[in-house]
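Asks: Once you've had a glance at the structure underneath, I'll fire off some questions.
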Amino acid sequence: MNISYLKNSWIRFYKRGFMTGLLIMSFILVVDQFLANPLFFSKITSFDIFLFILSTIFFGSVFCGLLSLVFLLVVVIATKDNNS
């Protein structure tokens, strides 16, 4: 177990997962707005729908960041500490 890797890089993993989720879901939102029948998000026709979609994207990005921390935990458990 490489605990020092967890201490040094958990913020970087979370930021990377959060930003990746934010960019991908924002791209999907933009593509969905041009389609006649959106696949993932509703058409933005009012401010309420816009705020709902914005909060969905934000919470989805937080989930992606947490998911990347779970992946980091798996990497920490699977690797061996070289200092031992």
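Chain identifiers are assigned as A, B, and so on, following the order in which chains appear in the structure tokens; residues are numbered from 1 within each chain, and ligands are numbered from 1 in order of appearance.
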Would you list the contacts of A:Leu6 as a PDB file with C-alpha atoms, in the first residue's frame, taking every protein, DNA or RNA residue within 9 Å and counting only C-alpha atoms, but skipping same-chain residues closer than 3 positions in sequence?

Replies:
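This went into selection27.pdb:
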ATOM      1  CA  ASN A   2       1.381   3.365  -1.031  1.00  0.00           C
ATOM      2  CA  ILE A   3      -0.245   5.806   1.410  1.00  0.00           C
ATOM      3  CA  SER A   9      -2.132  13.456  -5.107  1.00  0.00           C
ATOM      4  CA  TRP A  10      -5.753  13.142  -3.939  1.00  0.00           C
ATOM      5  CA  LEU A  72      -7.065   6.464  -6.646  1.00  0.00           C
ATOM      6  CA  LEU A  73      -7.821   4.268  -3.628  1.00  0.00           C
ATOM      7  CA  VAL A  75      -4.325   2.329  -7.243  1.00  0.00           C
ATOM      8  CA  VAL A  76      -2.999   2.968  -3.726  1.00  0.00           C
TER       9      VAL A  76
END

Asks: Can you tell me, as a VMD selection string, what residues are no more than 8 Å from A:Arg16 when counting only C-alpha atoms, ignoring any on the same chain fewer than 4 positions away?

Replies: chain A and resid 12 20 65 68

Asks: Looking only at the backbone, which of the residues in stretch 6-81 of chain A does DSSP tag as helix (DSSP H, G or I), as a short mmCIF file (atom, residue, chain, number, x, y, z; two decimals) with N, CA and C atoms, in the first residue's frame?

Replies:
data_model
loop_
_atom_site.label_atom_id
_atom_site.label_comp_id
_atom_site.auth_asym_id
_atom_site.auth_seq_id
_atom_site.Cartn_x
_atom_site.Cartn_y
_atom_site.Cartn_z
N LEU A 6 -1.36 8.63 -1.92
CA LEU A 6 -2.70 9.13 -1.61
C LEU A 6 -2.62 10.52 -1.00
N LYS A 7 -1.70 10.73 -0.06
CA LYS A 7 -1.56 12.03 0.60
C LYS A 7 -1.14 13.11 -0.38
N ASN A 8 -0.29 12.77 -1.31
CA ASN A 8 0.28 13.78 -2.21
C ASN A 8 -0.60 14.12 -3.41
N SER A 9 -1.47 13.21 -3.82
CA SER A 9 -2.13 13.46 -5.11
C SER A 9 -3.65 13.34 -5.08
N TRP A 10 -4.30 13.30 -3.93
CA TRP A 10 -5.75 13.14 -3.94
C TRP A 10 -6.45 14.38 -4.48
N ILE A 11 -5.90 15.57 -4.22
CA ILE A 11 -6.52 16.80 -4.73
C ILE A 11 -6.41 16.85 -6.26
N ARG A 12 -5.27 16.45 -6.77
CA ARG A 12 -5.07 16.45 -8.23
C ARG A 12 -6.03 15.48 -8.91
N PHE A 13 -6.24 14.30 -8.31
CA PHE A 13 -7.17 13.32 -8.88
C PHE A 13 -8.60 13.86 -8.85
N TYR A 14 -8.98 14.48 -7.73
CA TYR A 14 -10.34 15.01 -7.64
C TYR A 14 -10.57 16.12 -8.65
N LYS A 15 -9.62 17.05 -8.76
CA LYS A 15 -9.77 18.15 -9.72
C LYS A 15 -9.86 17.62 -11.15
N ARG A 16 -9.03 16.63 -11.47
CA ARG A 16 -9.04 16.07 -12.82
C ARG A 16 -10.38 15.40 -13.13
N GLY A 17 -10.91 14.64 -12.18
CA GLY A 17 -12.21 13.99 -12.38
C GLY A 17 -13.34 15.00 -12.47
N PHE A 18 -13.29 16.03 -11.62
CA PHE A 18 -14.33 17.07 -11.63
C PHE A 18 -14.32 17.82 -12.96
N MET A 19 -13.15 18.26 -13.40
CA MET A 19 -13.07 19.04 -14.64
C MET A 19 -13.43 18.19 -15.86
N THR A 20 -13.04 16.93 -15.86
CA THR A 20 -13.40 16.05 -16.97
C THR A 20 -14.91 15.87 -17.03
N GLY A 21 -15.53 15.62 -15.89
CA GLY A 21 -16.99 15.48 -15.85
C GLY A 21 -17.68 16.75 -16.29
N LEU A 22 -17.18 17.89 -15.84
CA LEU A 22 -17.78 19.17 -16.21
C LEU A 22 -17.69 19.42 -17.71
N LEU A 23 -16.54 19.17 -18.29
CA LEU A 23 -16.36 19.40 -19.72
C LEU A 23 -17.19 18.44 -20.57
N ILE A 24 -17.23 17.17 -20.20
CA ILE A 24 -17.97 16.20 -21.00
C ILE A 24 -19.47 16.46 -20.92
N MET A 25 -19.98 16.74 -19.72
CA MET A 25 -21.42 16.99 -19.61
C MET A 25 -21.82 18.31 -20.24
N SER A 26 -20.95 19.31 -20.19
CA SER A 26 -21.24 20.57 -20.88
C SER A 26 -21.27 20.38 -22.39
N PHE A 27 -20.34 19.57 -22.90
CA PHE A 27 -20.34 19.27 -24.34
C PHE A 27 -21.61 18.53 -24.74
N ILE A 28 -22.03 17.56 -23.92
CA ILE A 28 -23.27 16.83 -24.21
C ILE A 28 -24.47 17.78 -24.19
N LEU A 29 -24.47 18.73 -23.25
CA LEU A 29 -25.56 19.71 -23.19
C LEU A 29 -25.62 20.55 -24.45
N VAL A 30 -24.47 21.02 -24.92
CA VAL A 30 -24.44 21.84 -26.13
C VAL A 30 -24.92 21.05 -27.34
N VAL A 31 -24.48 19.81 -27.47
CA VAL A 31 -24.92 18.98 -28.59
C VAL A 31 -26.42 18.71 -28.49
N ASP A 32 -26.92 18.44 -27.28
CA ASP A 32 -28.34 18.17 -27.09
C ASP A 32 -29.23 19.36 -27.45
N GLN A 33 -28.74 20.57 -27.27
CA GLN A 33 -29.55 21.74 -27.57
C GLN A 33 -29.76 21.92 -29.07
N PHE A 34 -28.88 21.35 -29.90
CA PHE A 34 -29.03 21.45 -31.34
C PHE A 34 -29.89 20.34 -31.94
N PHE A 47 -35.86 29.70 -17.39
CA PHE A 47 -34.77 29.84 -16.44
C PHE A 47 -34.76 28.70 -15.43
N ASP A 48 -35.94 28.17 -15.08
CA ASP A 48 -36.01 27.05 -14.14
C ASP A 48 -35.35 25.80 -14.72
N ILE A 49 -35.60 25.52 -15.98
CA ILE A 49 -34.98 24.36 -16.63
C ILE A 49 -33.47 24.56 -16.72
N PHE A 50 -33.04 25.78 -17.01
CA PHE A 50 -31.62 26.08 -17.08
C PHE A 50 -30.93 25.84 -15.73
N LEU A 51 -31.55 26.28 -14.63
CA LEU A 51 -30.96 26.07 -13.31
C LEU A 51 -30.94 24.59 -12.94
N PHE A 52 -31.98 23.85 -13.32
CA PHE A 52 -32.01 22.41 -13.05
C PHE A 52 -30.89 21.69 -13.81
N ILE A 53 -30.70 22.04 -15.07
CA ILE A 53 -29.64 21.42 -15.87
C ILE A 53 -28.27 21.81 -15.33
N LEU A 54 -28.11 23.06 -14.92
CA LEU A 54 -26.85 23.51 -14.35
C LEU A 54 -26.51 22.76 -13.07
N SER A 55 -27.51 22.56 -12.21
CA SER A 55 -27.25 21.82 -10.97
C SER A 55 -26.99 20.35 -11.26
N THR A 56 -27.65 19.79 -12.27
CA THR A 56 -27.39 18.40 -12.65
C THR A 56 -25.95 18.24 -13.13
N ILE A 57 -25.48 19.17 -13.93
CA ILE A 57 -24.10 19.12 -14.42
C ILE A 57 -23.12 19.26 -13.26
N PHE A 58 -23.39 20.17 -12.34
CA PHE A 58 -22.49 20.37 -11.21
C PHE A 58 -22.42 19.13 -10.33
N PHE A 59 -23.57 18.56 -9.96
CA PHE A 59 -23.55 17.38 -9.09
C PHE A 59 -22.99 16.17 -9.82
N GLY A 60 -23.19 16.09 -11.11
CA GLY A 60 -22.56 15.01 -11.88
C GLY A 60 -21.05 15.15 -11.89
N SER A 61 -20.57 16.37 -11.95
CA SER A 61 -19.12 16.61 -11.92
C SER A 61 -18.54 16.27 -10.55
N VAL A 62 -19.27 16.59 -9.49
CA VAL A 62 -18.83 16.21 -8.15
C VAL A 62 -18.75 14.69 -8.04
N PHE A 63 -19.74 13.99 -8.60
CA PHE A 63 -19.72 12.53 -8.59
C PHE A 63 -18.52 11.99 -9.37
N CYS A 64 -18.19 12.60 -10.50
CA CYS A 64 -17.02 12.17 -11.27
C CYS A 64 -15.73 12.38 -10.47
N GLY A 65 -15.65 13.46 -9.72
CA GLY A 65 -14.49 13.69 -8.87
C GLY A 65 -14.38 12.65 -7.78
N LEU A 66 -15.50 12.29 -7.16
CA LEU A 66 -15.49 11.25 -6.13
C LEU A 66 -15.15 9.89 -6.72
N LEU A 67 -15.62 9.64 -7.93
CA LEU A 67 -15.31 8.39 -8.60
C LEU A 67 -13.81 8.29 -8.90
N SER A 68 -13.19 9.40 -9.23
CA SER A 68 -11.75 9.37 -9.46
C SER A 68 -10.99 9.12 -8.16
N LEU A 69 -11.54 9.56 -7.02
CA LEU A 69 -10.90 9.25 -5.74
C LEU A 69 -11.01 7.77 -5.41
N VAL A 70 -12.12 7.14 -5.79
CA VAL A 70 -12.25 5.70 -5.61
C VAL A 70 -11.20 4.98 -6.46
N PHE A 71 -11.01 5.45 -7.68
CA PHE A 71 -9.97 4.87 -8.53
C PHE A 71 -8.59 5.05 -7.91
N LEU A 72 -8.34 6.23 -7.31
CA LEU A 72 -7.06 6.46 -6.65
C LEU A 72 -6.88 5.50 -5.48
N LEU A 73 -7.92 5.22 -4.72
CA LEU A 73 -7.82 4.27 -3.63
C LEU A 73 -7.46 2.87 -4.14
N VAL A 74 -8.02 2.48 -5.26
CA VAL A 74 -7.69 1.18 -5.86
C VAL A 74 -6.22 1.16 -6.26
N VAL A 75 -5.73 2.25 -6.84
CA VAL A 75 -4.33 2.33 -7.24
C VAL A 75 -3.42 2.27 -6.01
N VAL A 76 -3.81 2.96 -4.95
CA VAL A 76 -3.00 2.97 -3.73
C VAL A 76 -2.95 1.57 -3.11
N ILE A 77 -4.06 0.88 -3.11
CA ILE A 77 -4.09 -0.48 -2.56
C ILE A 77 -3.29 -1.44 -3.41
N ALA A 78 -3.33 -1.26 -4.73
CA ALA A 78 -2.66 -2.20 -5.64
C ALA A 78 -1.16 -1.99 -5.74
#
